[in-house]
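Colleague: Pasting a structure below so you can have a look.
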Amino acid sequence: MSERYYAPTGGHPPQTDLLTDRAIFTEAYAVIPKGTMRDIVTSALPFWRGTRLWVLSRPLSGFAETFSQYIMEVQPGGGSDRPETDPGAEGVLFVVGGRVTVHLDGTAHALGEGGYAYLPAGSGWRLENAGAEVARFHWIRKAYEPVDGLDAPEPLFLNEADIAPTEMPGTNGVWATTRFVDPADLRHDMHVTIVTFQPGGVIPFLETHVMEHGLYVLEGKAVYRLNGDWVEVEAGDYMWLRAFCPQACYAGGPGRFRYLLYKDVNRHAALPRRA
């Protein structure tokens with residue numbers, strides 16, 4: 001397993017373990033600790049072979065509204081020739097273990113650890129694990145919101161290792177973001193990035209804003225402030241934050257703290273229609 005990207009492996013705790021853990025579910029945020037991702041809570045999907053997954057978030061009353069997020073575990077020889085059954089769904093893949101090959105428009109794209117793919121809605125992609133080890137990757141899905149006058153974004157196949165992180169102003173590099181998509185490209189209605197804090201780095205104010213968030217901790221540990229509560233998180237934990245949930249964090253070390261971040265961007269707030 002990679003030392004940079006934590007991924008669950010399942011299993012089952014012994015009867016002698018304590019029942020208490022750090023799982024929290026509130027109307028403003030949720031924390032799903034790595035210890036909850038066991039064999040008994042995996043799911044399966046139509047048209048996928050040799051595959052199981054952990055569902056981290058899904059559209060649900062009182063929970064995620066704009067996206068779903070899975071951790072996929074694909075055995076050697078596994079994959080799908082029809083992975084996405086919703087023609088309106090765009091997707092992002094981020095590989096945290098092993099290798100997969102994504103086939104799109106007659107081209108095979110190999111993605112190893114740190115590999116990123118943006119897959120537009122209706123693109124008809126396929127995926128296989130042609131390697132000898134289990135592959136694990138995040139799959140983030142969102143209903144694409146087209147805008148009249150803007151073209152749909154094209155597919156992207158990248159790797160984190162090839163992208164220089166953008167330092168937050170005035171932080172001397174202790175807080176930085178790896179961006180796979182240009183923030184000025186308004187064709188995109190979601191961003192999936194990697195946020196990195198060096199030990200001692202902080203979000204120095206309570207962010208309270210319109211974006212819905214999904215955060216999966218790839219590496220390290222920190223203390224997060226969520227809607228008035230302090231919670232400890234570590235590699236393998238997942239957090240969901242509803243829009244306007246106050247948030248801040250402190251990375252205490254001893255190593256860096258990194259997470260994969262989803263947020264919805266670049267679109268008008270949907271307004272209710274009256275009859």
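By order in the structure tokens, chains are A, B, ...; within a chain, residues start at 1; ligands start at 1, following the order shown.
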Looking only at the backbone, which of the residues in range 120-175 of chain A does DSSP tag as strand (DSSP E), as a tab-separated table (two decimals) with N, CA, C and O atoms, in the first residue's frame?
Modeller:
chain	number	residue	atom	x	y	z
A	126	ARG	N	-14.74	3.05	-20.28
A	126	ARG	CA	-14.66	1.71	-19.71
A	126	ARG	C	-13.43	1.63	-18.81
A	126	ARG	O	-12.51	2.43	-18.95
A	127	LEU	N	-13.41	0.67	-17.89
A	127	LEU	CA	-12.29	0.55	-16.96
A	127	LEU	C	-11.96	-0.91	-16.71
A	127	LEU	O	-12.86	-1.76	-16.60
A	128	GLU	N	-10.66	-1.20	-16.61
A	128	GLU	CA	-10.22	-2.55	-16.28
A	128	GLU	C	-8.98	-2.50	-15.40
A	128	GLU	O	-8.21	-1.53	-15.43
A	135	ALA	N	-6.62	-2.93	-7.24
A	135	ALA	CA	-6.63	-1.49	-7.49
A	135	ALA	C	-7.71	-0.84	-6.64
A	135	ALA	O	-8.82	-1.38	-6.50
A	136	ARG	N	-7.37	0.32	-6.08
A	136	ARG	CA	-8.34	1.08	-5.28
A	136	ARG	C	-8.33	2.53	-5.76
A	136	ARG	O	-7.26	3.11	-5.94
A	137	PHE	N	-9.52	3.08	-5.94
A	137	PHE	CA	-9.61	4.46	-6.41
A	137	PHE	C	-10.91	5.09	-5.93
A	137	PHE	O	-11.91	4.41	-5.69
A	138	HIS	N	-10.88	6.41	-5.79
A	138	HIS	CA	-12.08	7.18	-5.50
A	138	HIS	C	-12.81	7.46	-6.81
A	138	HIS	O	-12.18	7.75	-7.84
A	139	TRP	N	-14.13	7.40	-6.73
A	139	TRP	CA	-14.98	7.73	-7.87
A	139	TRP	C	-16.01	8.73	-7.36
A	139	TRP	O	-16.86	8.40	-6.54
A	140	ILE	N	-15.88	9.96	-7.83
A	140	ILE	CA	-16.79	11.05	-7.44
A	140	ILE	C	-17.69	11.36	-8.62
A	140	ILE	O	-17.21	11.58	-9.74
A	141	ARG	N	-19.01	11.36	-8.38
A	141	ARG	CA	-19.99	11.53	-9.45
A	141	ARG	C	-20.88	12.73	-9.15
A	141	ARG	O	-21.25	12.96	-8.00
A	142	LYS	N	-21.22	13.44	-10.21
A	142	LYS	CA	-22.12	14.60	-10.07
A	142	LYS	C	-22.94	14.74	-11.35
A	142	LYS	O	-22.43	14.49	-12.44
A	143	ALA	N	-24.19	15.14	-11.22
A	143	ALA	CA	-25.00	15.46	-12.39
A	143	ALA	C	-24.49	16.77	-12.98
A	143	ALA	O	-24.53	17.82	-12.33
A	156	LEU	N	-9.90	14.61	-19.07
A	156	LEU	CA	-8.55	14.90	-18.59
A	156	LEU	C	-7.97	13.64	-17.96
A	156	LEU	O	-8.65	12.93	-17.23
A	157	PHE	N	-6.70	13.38	-18.24
A	157	PHE	CA	-5.97	12.28	-17.62
A	157	PHE	C	-4.64	12.84	-17.14
A	157	PHE	O	-3.79	13.23	-17.95
A	158	LEU	N	-4.45	12.90	-15.83
A	158	LEU	CA	-3.32	13.58	-15.22
A	158	LEU	C	-2.77	12.75	-14.07
A	158	LEU	O	-3.32	11.70	-13.73
A	159	ASN	N	-1.67	13.22	-13.47
A	159	ASN	CA	-1.16	12.61	-12.25
A	159	ASN	C	-0.71	13.71	-11.31
A	159	ASN	O	-0.11	14.71	-11.75
A	166	THR	N	-0.29	24.85	-5.57
A	166	THR	CA	-0.43	26.30	-5.47
A	166	THR	C	-0.46	26.69	-4.00
A	166	THR	O	-1.34	26.26	-3.26
A	167	GLU	N	0.51	27.51	-3.58
A	167	GLU	CA	0.56	27.92	-2.18
A	167	GLU	C	-0.51	28.97	-1.90
A	167	GLU	O	-0.75	29.87	-2.70
A	175	TRP	N	0.39	25.71	3.58
A	175	TRP	CA	-0.95	25.38	3.11
A	175	TRP	C	-0.93	25.52	1.60
A	175	TRP	O	-0.64	26.59	1.06
Colleague: Within 9 Å of range 94-108 of chain A, counting only C-alpha atoms, which residues show up once you throw out same-chain ones fewer than 3 positions away? Write them as a PyMOL selection string, please.
Modeller: chain A and resi 1-2+4-7+74+79+111-117+119+123-140+155+159+218+260
Colleague: Go through A:Tyr224, A:Tyr216, A:Phe257, A:Tyr118 one by one, measure the shortest atom-to-atom distance of each to Phe180 in chain A using only C-alpha atoms, and give the residue with the smallest value.
Modeller: A:Tyr118
Colleague: Find the residue from A:Met168, A:Arg256, A:Ala152, A:Phe63 that sits nearest to Thr196 in chain A; use only C-alpha atoms when measuring.
Modeller: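 Among the listed residues, the smallest separation from Thr196 in chain A belongs to A:Arg256.
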Colleague: What are the closest atom pairs, with distances in Å to one decimal, for all residues of range 196-237 of chain A lying within 12 Å of range 34-56 of chain A? Consider only C-alpha atoms, order rows by chain and residue number, and present the result as CSV.
Modeller:
residue,atom,partner,partner_atom,distance
A:Gly214,CA,A:Leu56,CA,8.8
A:Leu215,CA,A:Leu56,CA,9.9
A:Tyr216,CA,A:Leu56,CA,9.1
A:Val217,CA,A:Lys34,CA,9.4
A:Leu218,CA,A:Lys34,CA,10.9
A:Val233,CA,A:Lys34,CA,9.4
A:Glu234,CA,A:Lys34,CA,8.3
A:Ala235,CA,A:Lys34,CA,7.6
A:Gly236,CA,A:Lys34,CA,4.7
A:Asp237,CA,A:Lys34,CA,4.8
Colleague: Please save N, CA, C and O atoms of the selected residues as a PDB file, in the first residue's frame.
Modeller:
ATOM      1  N   GLY A 214     -16.740  17.310   0.325  1.00  0.00           N
ATOM      2  CA  GLY A 214     -16.394  15.953   0.710  1.00  0.00           C
ATOM      3  C   GLY A 214     -14.895  15.898   0.882  1.00  0.00           C
ATOM      4  O   GLY A 214     -14.156  16.294  -0.029  1.00  0.00           O
ATOM      5  N   LEU A 215     -14.401  15.451   2.040  1.00  0.00           N
ATOM      6  CA  LEU A 215     -12.964  15.427   2.331  1.00  0.00           C
ATOM      7  C   LEU A 215     -12.560  14.027   2.764  1.00  0.00           C
ATOM      8  O   LEU A 215     -13.071  13.507   3.768  1.00  0.00           O
ATOM      9  N   TYR A 216     -11.646  13.420   2.035  1.00  0.00           N
ATOM     10  CA  TYR A 216     -11.094  12.117   2.407  1.00  0.00           C
ATOM     11  C   TYR A 216      -9.625  12.305   2.759  1.00  0.00           C
ATOM     12  O   TYR A 216      -8.840  12.815   1.947  1.00  0.00           O
ATOM     13  N   VAL A 217      -9.250  11.906   3.979  1.00  0.00           N
ATOM     14  CA  VAL A 217      -7.880  12.126   4.450  1.00  0.00           C
ATOM     15  C   VAL A 217      -6.953  11.078   3.835  1.00  0.00           C
ATOM     16  O   VAL A 217      -7.082   9.883   4.104  1.00  0.00           O
ATOM     17  N   LEU A 218      -6.029  11.535   3.011  1.00  0.00           N
ATOM     18  CA  LEU A 218      -5.068  10.664   2.339  1.00  0.00           C
ATOM     19  C   LEU A 218      -3.852  10.348   3.200  1.00  0.00           C
ATOM     20  O   LEU A 218      -3.251   9.275   3.069  1.00  0.00           O
ATOM     21  N   VAL A 233      -9.190  13.800  13.174  1.00  0.00           N
ATOM     22  CA  VAL A 233      -9.272  12.965  11.985  1.00  0.00           C
ATOM     23  C   VAL A 233      -7.876  12.501  11.603  1.00  0.00           C
ATOM     24  O   VAL A 233      -6.873  13.150  11.923  1.00  0.00           O
ATOM     25  N   GLU A 234      -7.823  11.374  10.894  1.00  0.00           N
ATOM     26  CA  GLU A 234      -6.544  10.808  10.469  1.00  0.00           C
ATOM     27  C   GLU A 234      -6.715  10.147   9.111  1.00  0.00           C
ATOM     28  O   GLU A 234      -7.830  10.060   8.583  1.00  0.00           O
ATOM     29  N   ALA A 235      -5.605   9.673   8.556  1.00  0.00           N
ATOM     30  CA  ALA A 235      -5.623   9.044   7.245  1.00  0.00           C
ATOM     31  C   ALA A 235      -6.665   7.936   7.195  1.00  0.00           C
ATOM     32  O   ALA A 235      -6.733   7.074   8.080  1.00  0.00           O
ATOM     33  N   GLY A 236      -7.500   7.962   6.166  1.00  0.00           N
ATOM     34  CA  GLY A 236      -8.564   6.990   5.995  1.00  0.00           C
ATOM     35  C   GLY A 236      -9.926   7.474   6.432  1.00  0.00           C
ATOM     36  O   GLY A 236     -10.937   6.839   6.123  1.00  0.00           O
ATOM     37  N   ASP A 237      -9.993   8.599   7.152  1.00  0.00           N
ATOM     38  CA  ASP A 237     -11.279   9.150   7.581  1.00  0.00           C
ATOM     39  C   ASP A 237     -11.899   9.991   6.465  1.00  0.00           C
ATOM     40  O   ASP A 237     -11.193  10.560   5.622  1.00  0.00           O
TER      41      ASP A 237
END
Colleague: Skipping near chain neighbours, those fewer than 2 positions away, what residues fall within 9 Å of Phe197 in chain A using only C-alpha atoms, listed as a PyMOL selection string?
Modeller: chain A and resi 173-177+195+199-202+250-251+256-258
Colleague: Taking into account only C-alpha atoms, which residue in the set A:Pro8, A:Pro59, A:Pro204, A:Pro146 is nearest to Asn266 in chain A?
Modeller: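 Closest candidate: A:Pro146.
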Colleague: Considering only C-alpha atoms, state which residue in the set A:Thr178, A:Thr208, A:Thr193, A:Ser80 is at the smallest distance from Leu241 in chain A.
Modeller: A:Thr208
